Amino acid sequence: MGKIDNIEKVSYKKIIAMADEQLNIVELIEEHPCPSGSQWIIYQYQRTSPLIISAWRNGNKHHFILNIDKCKLNLVPSLSAAGIEKVFIEDNNVHIVYAGLAGAGVGVELRSNAKNVINTILYEKGGGSKLGKGAVITPKMEKVIVGIDDTDTKEEGATWVLANEIGNIVEKEGWGYYIDHTIIQLYPGNPNKTQNCVSIGLTFAIYPEYKYKLKELIKNQLEEKSLSDKTAVAVYYGITPSKSMKLFTCKAKRGMVTVEEAKSVAMRNNIDIIKVFEKDGGIIGAVAALGLAEHHEQAAKLPDDL
């Protein structure tokens with residue numbers, strides 16, 4: 001069956017699937033139609049589906065880290081009402097197979113008109129007391145996290161504003177989706193800080209053909225718009241930052257670290273470092289932005305609150 005077109009009143013807004021085939025995982029992001037999303041879905045899917053490694057909600061967006069695999073769901077009303085039973089990649093597209101009871105079984109139909117969905121396949125129509133099952137198909141995308149630091153001066157500028165502008169430019173170019181923007185608090189006692197001592201982490205879902213072009217676009221934007229001659233960018237290709245990246249970020253929040261330490265972390269994690277104006281000044285903050293880019297509460301905290 002082809003794309004379902006009979007849902008008019010409610011629809012998911014956007015669905016993105018980012019794959020790391022070396023690790024055999026997919027990060028699925030679903031923008032729910034309701035203002036704060038559905039915590040019930042997060043809870044039920046995790047209870048029901050062994051494919052789900054982790055899940056969380058950010059506003060009305062559901063995030064699922066999934067194994068690329070299949071499983072048999074033991075669906076029980078109220079207790080395990082819905083879940084994801086299969087994830088696979090075919091012809092550079094990601095297929096997610098959902099199943100659910102009663103209202104939890106109409107999910108595929110509600111996802112059919114979401115942005116970035118190529119097709120949906122309805123195997124069994126849910127609703128009432130019936131089982132619903134179907135597949136959602138999206139383009140295979142990849143996750144890229146970008147750290148940016150030192151674009152302002154003591155007189156003018158704001159790195160978080162310029163980073164947000166760049167994030168929007170990437171999406172307007174059609175290279176992918178601008179997913180997240182995080183302000184990472186670093187060591188307040190740093191004598192080299194502009195004022196608040198923060199760096200910025202941007203998260204993108206990128207179509208594979210633009211994965212390695214992204215850093216050049218960002219560099220060009222910073223060359224044109226940065227007010228500092230010490231601007232740096234760090235680019236991480238992967239769904240989950242490593243433990244060493246997170247530890248480095250926490251260390252940079254608690255005290256002074258060296259450029260050599262930042263470069264060492266970058267080397268171990270295949271992080272690309274870009275010195276926009278060939279100076280080292282922003283490298284520490286750019287690399288430190290990566291480890292907690294998707295841990296918003298931790299990223300914002302001062303050292304005494306970690």
# chains A, B, ... in the order shown; residues from 1 in each chain; ligands from 1

$ residues_around --residues "Leu73 of chain A" --least-positions-apart "4" --cutoff "7 Å" --atoms "only C-alpha atoms" --output "PyMOL selection string"
chain A and resi 48-49+85

$ write_last_selection --atoms "N, CA, C and O atoms" --output "PDB file, in the first residue's frame"
ATOM      1  N   THR A  48       7.738  -1.776  26.054  1.00  0.00           N
ATOM      2  CA  THR A  48       7.265  -2.796  25.123  1.00  0.00           C
ATOM      3  C   THR A  48       8.346  -3.310  24.194  1.00  0.00           C
ATOM      4  O   THR A  48       8.372  -4.498  23.863  1.00  0.00           O
ATOM      5  N   SER A  49       9.242  -2.434  23.752  1.00  0.00           N
ATOM      6  CA  SER A  49      10.145  -2.792  22.661  1.00  0.00           C
ATOM      7  C   SER A  49      11.588  -2.966  23.118  1.00  0.00           C
ATOM      8  O   SER A  49      12.240  -2.003  23.535  1.00  0.00           O
ATOM      9  N   GLU A  85       8.733  -2.615  16.457  1.00  0.00           N
ATOM     10  CA  GLU A  85       9.111  -4.028  16.369  1.00  0.00           C
ATOM     11  C   GLU A  85      10.174  -4.329  15.316  1.00  0.00           C
ATOM     12  O   GLU A  85      10.729  -5.423  15.301  1.00  0.00           O
TER      13      GLU A  85
END

$ select_by_dssp --residues "segment 18-180 of chain A" --states "strand (DSSP E or B)" --output "PDB file with C-alpha atoms, in the first residue's frame"
ATOM      1  CA  MET A  18      19.773   9.235  11.665  1.00  0.00           C
ATOM      2  CA  ALA A  19      21.781   6.047  11.204  1.00  0.00           C
ATOM      3  CA  ASP A  20      25.165   4.869  12.418  1.00  0.00           C
ATOM      4  CA  ILE A  25      21.880   1.985  15.641  1.00  0.00           C
ATOM      5  CA  VAL A  26      19.388   4.624  14.548  1.00  0.00           C
ATOM      6  CA  GLU A  27      18.308   7.776  16.356  1.00  0.00           C
ATOM      7  CA  LEU A  28      14.659   8.480  15.587  1.00  0.00           C
ATOM      8  CA  ILE A  29      13.241  11.950  16.253  1.00  0.00           C
ATOM      9  CA  GLU A  30       9.493  12.465  15.999  1.00  0.00           C
ATOM     10  CA  GLU A  31       7.894  15.880  16.351  1.00  0.00           C
ATOM     11  CA  ILE A  52      14.918   0.728  22.231  1.00  0.00           C
ATOM     12  CA  ILE A  53      18.258   1.445  23.909  1.00  0.00           C
ATOM     13  CA  SER A  54      17.170   4.805  25.352  1.00  0.00           C
ATOM     14  CA  ALA A  55      14.414   7.358  24.911  1.00  0.00           C
ATOM     15  CA  TRP A  56      13.621  10.872  26.077  1.00  0.00           C
ATOM     16  CA  ARG A  57      11.347  13.790  25.312  1.00  0.00           C
ATOM     17  CA  ASN A  58      12.463  17.323  24.504  1.00  0.00           C
ATOM     18  CA  LYS A  61       9.958  15.864  20.218  1.00  0.00           C
ATOM     19  CA  HIS A  62      10.462  12.161  20.976  1.00  0.00           C
ATOM     20  CA  HIS A  63      14.004  10.802  20.721  1.00  0.00           C
ATOM     21  CA  PHE A  64      14.619   7.057  20.478  1.00  0.00           C
ATOM     22  CA  ILE A  65      17.998   5.320  20.160  1.00  0.00           C
ATOM     23  CA  LEU A  66      17.199   2.032  18.417  1.00  0.00           C
ATOM     24  CA  ASN A  67      19.043  -1.123  17.469  1.00  0.00           C
ATOM     25  CA  LYS A  70      13.606  -6.896  14.741  1.00  0.00           C
ATOM     26  CA  VAL A  76      -0.866  -6.005  26.582  1.00  0.00           C
ATOM     27  CA  SER A  80       2.614  -2.674  27.044  1.00  0.00           C
ATOM     28  CA  ALA A  82       2.568  -0.040  21.720  1.00  0.00           C
ATOM     29  CA  GLY A  83       6.113  -0.188  20.458  1.00  0.00           C
ATOM     30  CA  ILE A  84       8.590  -0.486  17.610  1.00  0.00           C
ATOM     31  CA  GLU A  85       9.111  -4.028  16.369  1.00  0.00           C
ATOM     32  CA  LYS A  86      11.505  -3.623  13.451  1.00  0.00           C
ATOM     33  CA  VAL A  87      14.153  -1.177  12.206  1.00  0.00           C
ATOM     34  CA  PHE A  88      16.010  -1.723   8.941  1.00  0.00           C
ATOM     35  CA  ILE A  89      17.768   0.202   6.169  1.00  0.00           C
ATOM     36  CA  GLU A  90      17.032  -0.439   2.519  1.00  0.00           C
ATOM     37  CA  ASN A  93      15.989   4.715   3.470  1.00  0.00           C
ATOM     38  CA  VAL A  94      15.182   3.891   7.095  1.00  0.00           C
ATOM     39  CA  HIS A  95      12.111   1.722   7.746  1.00  0.00           C
ATOM     40  CA  ILE A  96      10.503   1.844  11.205  1.00  0.00           C
ATOM     41  CA  VAL A  97       7.733  -0.704  11.886  1.00  0.00           C
ATOM     42  CA  TYR A  98       5.285   0.237  14.664  1.00  0.00           C
ATOM     43  CA  ALA A  99       2.541  -1.813  16.319  1.00  0.00           C
ATOM     44  CA  GLY A 100      -0.010  -0.896  18.963  1.00  0.00           C
ATOM     45  CA  LEU A 101      -3.394  -1.624  20.484  1.00  0.00           C
ATOM     46  CA  LYS A 115       7.631  16.327   6.918  1.00  0.00           C
ATOM     47  CA  ASN A 119       6.086   6.732   2.460  1.00  0.00           C
ATOM     48  CA  THR A 120       3.973   4.806   4.969  1.00  0.00           C
ATOM     49  CA  ILE A 121       2.738   1.240   4.673  1.00  0.00           C
ATOM     50  CA  LEU A 122      -0.349   0.174   6.637  1.00  0.00           C
ATOM     51  CA  TYR A 123      -0.334  -3.546   7.456  1.00  0.00           C
ATOM     52  CA  GLU A 124      -3.264  -3.558   9.888  1.00  0.00           C
ATOM     53  CA  GLY A 127      -8.311   2.030  16.511  1.00  0.00           C
ATOM     54  CA  LYS A 130      -7.972  -3.517  17.279  1.00  0.00           C
ATOM     55  CA  LEU A 131      -4.281  -4.048  16.638  1.00  0.00           C
ATOM     56  CA  GLY A 132      -2.669  -1.515  14.336  1.00  0.00           C
ATOM     57  CA  LYS A 133       0.616  -2.088  12.531  1.00  0.00           C
ATOM     58  CA  GLY A 134       2.573  -0.294   9.824  1.00  0.00           C
ATOM     59  CA  ALA A 135       5.872   1.098   8.599  1.00  0.00           C
ATOM     60  CA  VAL A 136       7.175   4.644   8.265  1.00  0.00           C
ATOM     61  CA  ILE A 137       9.910   5.228   5.682  1.00  0.00           C
ATOM     62  CA  THR A 138      12.284   8.204   5.825  1.00  0.00           C
ATOM     63  CA  PRO A 139      15.563   9.090   4.110  1.00  0.00           C
ATOM     64  CA  LYS A 140      18.660   7.819   5.897  1.00  0.00           C
ATOM     65  CA  MET A 141      20.373  10.803   7.519  1.00  0.00           C
ATOM     66  CA  GLU A 142      23.470  11.162   9.690  1.00  0.00           C
ATOM     67  CA  LYS A 143      24.067  13.064  12.900  1.00  0.00           C
ATOM     68  CA  VAL A 144      26.652  15.833  13.121  1.00  0.00           C
ATOM     69  CA  ILE A 145      27.363  17.845  16.290  1.00  0.00           C
ATOM     70  CA  VAL A 146      29.228  21.138  15.862  1.00  0.00           C
ATOM     71  CA  GLY A 147      30.967  23.117  18.605  1.00  0.00           C
ATOM     72  CA  ILE A 148      31.592  26.836  18.057  1.00  0.00           C
ATOM     73  CA  ASP A 149      33.525  29.252  20.272  1.00  0.00           C
ATOM     74  CA  GLY A 176      19.354  18.610   6.505  1.00  0.00           C
ATOM     75  CA  TYR A 177      17.656  19.715   9.720  1.00  0.00           C
ATOM     76  CA  TYR A 178      18.840  22.016  12.498  1.00  0.00           C
ATOM     77  CA  ILE A 179      17.879  19.946  15.538  1.00  0.00           C
ATOM     78  CA  ASP A 180      19.344  21.610  18.608  1.00  0.00           C
TER      79      ASP A 180
END

$ closest_residue --among "A:Leu217, A:Leu227, A:Ala252, A:Leu186" --to "Ala158 of chain A" --atoms "only C-alpha atoms"
A:Leu227

$ residues_around --residues "Gly281 of chain A" --least-positions-apart "5" --cutoff "9 Å" --atoms "only C-alpha atoms" --output "number ranges by chain"
A: 149-150, 192, 229-232, 259, 275

$ closest_residue --among "A:Glu173, A:Glu294, A:Asp280, A:Glu261" --to "Gly201 of chain A" --atoms "only C-alpha atoms"
A:Glu294

$ atom_distance --atom1 "atom CA of Lys13 of chain A" --atom2 "atom CA of Ala114 of chain A"
4.7 Å

$ closest_residue --among "A:Lys154, A:His32, A:Lys213, A:His295" --to "Asn196 of chain A" --atoms "only C-alpha atoms"
A:Lys154

$ residues_around --residues "Leu302 of chain A" --least-positions-apart "5" --cutoff "10 Å" --atoms "only C-alpha atoms" --output "PyMOL selection string"
chain A and resi 184-188+250+253-254

$ write_last_selection --atoms "C-alpha atoms" --output "mmCIF file, in the first residue's frame"
data_model
loop_
_atom_site.group_PDB
_atom_site.id
_atom_site.type_symbol
_atom_site.label_atom_id
_atom_site.label_comp_id
_atom_site.auth_asym_id
_atom_site.auth_seq_id
_atom_site.Cartn_x
_atom_site.Cartn_y
_atom_site.Cartn_z
ATOM 1 C CA ILE A 184 27.574 25.135 27.401
ATOM 2 C CA GLN A 185 28.788 26.889 30.525
ATOM 3 C CA LEU A 186 32.570 26.625 30.883
ATOM 4 C CA TYR A 187 34.925 27.610 33.717
ATOM 5 C CA PRO A 188 33.857 31.067 34.981
ATOM 6 C CA CYS A 250 33.108 18.515 32.629
ATOM 7 C CA LYS A 253 33.625 23.477 33.320
ATOM 8 C CA ARG A 254 35.584 22.951 36.544
#

$ residues_around --residues "Thr159 of chain A" --least-positions-apart "3" --cutoff "10 Å" --atoms "only C-alpha atoms" --output "ChimeraX atom specification"
/A:148-153,162-165,183,198-200,226-227,231

$ write_last_selection --atoms "all heavy atoms" --output "compact mmCIF listing (two decimals), in the first residue's frame"
# COMPACT_ATOMS: atom_id res chain seq x y z
N ILE A 148 31.11 25.53 18.53
CA ILE A 148 31.59 26.84 18.06
C ILE A 148 31.98 27.69 19.27
O ILE A 148 31.23 27.75 20.25
CB ILE A 148 30.52 27.57 17.23
CG1 ILE A 148 30.12 26.74 16.01
CG2 ILE A 148 31.01 28.95 16.79
CD1 ILE A 148 28.98 27.34 15.20
N ASP A 149 33.13 28.37 19.17
CA ASP A 149 33.53 29.25 20.27
C ASP A 149 34.32 30.44 19.75
O ASP A 149 34.97 30.36 18.70
CB ASP A 149 34.36 28.49 21.30
CG ASP A 149 34.50 29.29 22.60
OD1 ASP A 149 33.62 30.10 22.91
OD2 ASP A 149 35.50 29.07 23.32
N ASP A 150 34.22 31.52 20.51
CA ASP A 150 35.02 32.73 20.32
C ASP A 150 34.73 33.42 18.99
O ASP A 150 35.58 33.55 18.12
CB ASP A 150 36.52 32.40 20.42
CG ASP A 150 37.33 33.59 20.94
OD1 ASP A 150 36.85 34.74 20.81
OD2 ASP A 150 38.42 33.37 21.47
N THR A 151 33.49 33.90 18.87
CA THR A 151 33.11 34.69 17.69
C THR A 151 32.87 36.15 18.03
O THR A 151 32.61 36.96 17.14
CB THR A 151 31.83 34.14 17.03
OG1 THR A 151 30.70 34.44 17.86
CG2 THR A 151 31.92 32.65 16.79
N ASP A 152 32.92 36.47 19.33
CA ASP A 152 32.60 37.83 19.77
C ASP A 152 33.83 38.50 20.38
O ASP A 152 34.89 37.90 20.52
CB ASP A 152 31.44 37.83 20.76
CG ASP A 152 31.70 36.92 21.96
OD1 ASP A 152 32.76 36.27 22.00
OD2 ASP A 152 30.83 36.84 22.84
N THR A 153 33.67 39.76 20.74
CA THR A 153 34.71 40.51 21.45
C THR A 153 34.08 41.10 22.71
O THR A 153 32.87 41.00 22.93
CB THR A 153 35.27 41.65 20.58
OG1 THR A 153 34.24 42.65 20.41
CG2 THR A 153 35.70 41.14 19.21
N LEU A 162 24.99 34.12 16.63
CA LEU A 162 25.59 33.79 15.33
C LEU A 162 25.47 32.29 15.05
O LEU A 162 25.19 31.87 13.92
CB LEU A 162 27.06 34.21 15.31
CG LEU A 162 27.84 33.92 14.02
CD1 LEU A 162 27.13 34.45 12.79
CD2 LEU A 162 29.25 34.49 14.12
N ALA A 163 25.65 31.46 16.07
CA ALA A 163 25.52 30.01 15.89
C ALA A 163 24.10 29.64 15.46
O ALA A 163 23.90 28.80 14.58
CB ALA A 163 25.90 29.28 17.18
N ASN A 164 23.12 30.26 16.08
CA ASN A 164 21.72 30.01 15.71
C ASN A 164 21.47 30.42 14.26
O ASN A 164 20.76 29.72 13.49
CB ASN A 164 20.78 30.76 16.65
CG ASN A 164 19.33 30.52 16.32
OD1 ASN A 164 18.83 29.40 16.42
ND2 ASN A 164 18.63 31.57 15.92
N GLU A 165 22.02 31.55 13.85
CA GLU A 165 21.88 32.00 12.46
C GLU A 165 22.46 30.97 11.50
O GLU A 165 21.86 30.65 10.46
CB GLU A 165 22.59 33.35 12.29
CG GLU A 165 22.50 33.91 10.88
CD GLU A 165 23.27 35.22 10.73
OE1 GLU A 165 23.59 35.86 11.75
OE2 GLU A 165 23.56 35.59 9.58
N ILE A 183 23.74 26.01 24.91
CA ILE A 183 24.77 26.88 25.48
C ILE A 183 25.48 26.09 26.58
O ILE A 183 24.84 25.64 27.54
CB ILE A 183 24.16 28.17 26.04
CG1 ILE A 183 23.47 28.96 24.93
CG2 ILE A 183 25.24 29.02 26.73
CD1 ILE A 183 22.74 30.20 25.40
N VAL A 198 31.04 30.86 27.80
CA VAL A 198 30.23 29.76 27.28
C VAL A 198 30.66 29.47 25.84
O VAL A 198 31.25 30.32 25.16
CB VAL A 198 28.72 30.08 27.31
CG1 VAL A 198 28.25 30.36 28.73
CG2 VAL A 198 28.36 31.24 26.38
N SER A 199 30.37 28.26 25.40
CA SER A 199 30.49 27.92 23.98
C SER A 199 29.17 27.32 23.53
O SER A 199 28.28 27.07 24.34
CB SER A 199 31.66 26.97 23.73
OG SER A 199 31.52 25.78 24.46
N ILE A 200 29.04 27.06 22.23
CA ILE A 200 27.76 26.64 21.66
C ILE A 200 27.90 25.30 20.97
O ILE A 200 28.84 25.07 20.20
CB ILE A 200 27.23 27.68 20.65
CG1 ILE A 200 27.18 29.08 21.28
CG2 ILE A 200 25.86 27.25 20.11
CD1 ILE A 200 26.29 29.19 22.50
N SER A 226 32.20 36.41 11.93
CA SER A 226 32.80 36.43 13.26
C SER A 226 33.50 37.76 13.51
O SER A 226 34.13 38.34 12.61
CB SER A 226 33.79 35.28 13.40
OG SER A 226 34.40 35.35 14.68
N LEU A 227 33.44 38.22 14.75
CA LEU A 227 34.09 39.47 15.14
C LEU A 227 35.44 39.22 15.82
O LEU A 227 36.17 40.16 16.12
CB LEU A 227 33.18 40.25 16.09
CG LEU A 227 31.81 40.62 15.53
CD1 LEU A 227 30.94 41.24 16.61
CD2 LEU A 227 31.95 41.56 14.35
N THR A 231 38.36 32.49 16.41
CA THR A 231 37.21 31.60 16.26
C THR A 231 37.63 30.18 15.89
O THR A 231 38.51 29.98 15.06
CB THR A 231 36.27 32.15 15.16
OG1 THR A 231 35.98 33.52 15.46
CG2 THR A 231 34.99 31.35 15.09

$ atom_distance --atom1 "atom CA of Leu75 of chain A" --atom2 "atom CA of Ala17 of chain A"
24.4 Å

$ decode --residues "segment 220-231 of chain A" --atoms "all heavy atoms" --output "tab-separated table (two decimals), in the first residue's frame"
chain	number	residue	atom	x	y	z
A	220	ASN	N	32.92	29.16	6.20
A	220	ASN	CA	32.70	30.33	5.34
A	220	ASN	C	31.82	31.36	6.02
A	220	ASN	O	32.08	32.58	5.93
A	220	ASN	CB	32.09	29.91	4.01
A	220	ASN	CG	33.05	29.11	3.15
A	220	ASN	OD1	34.26	29.16	3.35
A	220	ASN	ND2	32.53	28.34	2.20
A	221	GLN	N	30.78	30.91	6.71
A	221	GLN	CA	29.91	31.83	7.42
A	221	GLN	C	30.65	32.55	8.54
A	221	GLN	O	30.48	33.76	8.74
A	221	GLN	CB	28.70	31.07	8.00
A	221	GLN	CG	27.70	30.60	6.97
A	221	GLN	CD	26.97	31.76	6.30
A	221	GLN	OE1	26.58	32.73	6.96
A	221	GLN	NE2	26.78	31.66	5.00
A	222	LEU	N	31.50	31.83	9.25
A	222	LEU	CA	32.24	32.42	10.35
A	222	LEU	C	33.33	33.37	9.85
A	222	LEU	O	33.60	34.40	10.47
A	222	LEU	CB	32.84	31.33	11.23
A	222	LEU	CG	31.81	30.54	12.05
A	222	LEU	CD1	32.45	29.32	12.70
A	222	LEU	CD2	31.17	31.43	13.11
A	223	GLU	N	33.96	33.03	8.75
A	223	GLU	CA	34.96	33.93	8.17
A	223	GLU	C	34.32	35.28	7.84
A	223	GLU	O	34.93	36.34	8.00
A	223	GLU	CB	35.55	33.32	6.91
A	223	GLU	CG	36.57	32.24	7.18
A	223	GLU	CD	37.08	31.59	5.90
A	223	GLU	OE1	36.40	31.70	4.85
A	223	GLU	OE2	38.15	30.97	5.95
A	224	GLU	N	33.07	35.23	7.40
A	224	GLU	CA	32.37	36.45	7.00
A	224	GLU	C	31.82	37.23	8.19
A	224	GLU	O	31.84	38.47	8.21
A	224	GLU	CB	31.23	36.08	6.06
A	224	GLU	CG	30.37	37.26	5.61
A	224	GLU	CD	29.17	36.82	4.78
A	224	GLU	OE1	29.17	35.68	4.27
A	224	GLU	OE2	28.23	37.62	4.66
A	225	LYS	N	31.37	36.51	9.24
A	225	LYS	CA	30.56	37.16	10.27
A	225	LYS	C	31.17	37.20	11.67
A	225	LYS	O	30.68	37.94	12.53
A	225	LYS	CB	29.18	36.46	10.34
A	225	LYS	CG	28.41	36.57	9.03
A	225	LYS	CD	27.16	35.71	9.04
A	225	LYS	CE	26.44	35.82	7.69
A	225	LYS	NZ	25.28	34.92	7.63
A	226	SER	N	32.20	36.41	11.93
A	226	SER	CA	32.80	36.43	13.26
A	226	SER	C	33.50	37.76	13.51
A	226	SER	O	34.13	38.34	12.61
A	226	SER	CB	33.79	35.28	13.40
A	226	SER	OG	34.40	35.35	14.68
A	227	LEU	N	33.44	38.22	14.75
A	227	LEU	CA	34.09	39.47	15.14
A	227	LEU	C	35.44	39.22	15.82
A	227	LEU	O	36.17	40.16	16.12
A	227	LEU	CB	33.18	40.25	16.09
A	227	LEU	CG	31.81	40.62	15.53
A	227	LEU	CD1	30.94	41.24	16.61
A	227	LEU	CD2	31.95	41.56	14.35
A	228	SER	N	35.76	37.96	16.06
A	228	SER	CA	37.01	37.60	16.73
A	228	SER	C	37.96	36.94	15.73
A	228	SER	O	37.52	36.31	14.76
A	228	SER	CB	36.71	36.62	17.88
A	228	SER	OG	37.90	36.05	18.37
A	229	ASP	N	39.27	37.06	15.99
A	229	ASP	CA	40.24	36.39	15.13
A	229	ASP	C	40.70	35.07	15.74
A	229	ASP	O	41.65	34.44	15.27
A	229	ASP	CB	41.44	37.30	14.86
A	229	ASP	CG	42.23	37.65	16.12
A	229	ASP	OD1	41.80	37.25	17.23
A	229	ASP	OD2	43.26	38.33	16.00
A	230	LYS	N	39.99	34.60	16.80
A	230	LYS	CA	40.35	33.35	17.47
A	230	LYS	C	39.25	32.29	17.35
A	230	LYS	O	39.23	31.30	18.09
A	230	LYS	CB	40.64	33.61	18.95
A	230	LYS	CG	41.81	34.56	19.18
A	230	LYS	CD	41.99	34.86	20.66
A	230	LYS	CE	43.12	35.85	20.88
A	230	LYS	NZ	43.26	36.20	22.32
A	231	THR	N	38.36	32.49	16.41
A	231	THR	CA	37.21	31.60	16.26
A	231	THR	C	37.63	30.18	15.89
A	231	THR	O	38.51	29.98	15.06
A	231	THR	CB	36.27	32.15	15.16
A	231	THR	OG1	35.98	33.52	15.46
A	231	THR	CG2	34.99	31.35	15.09
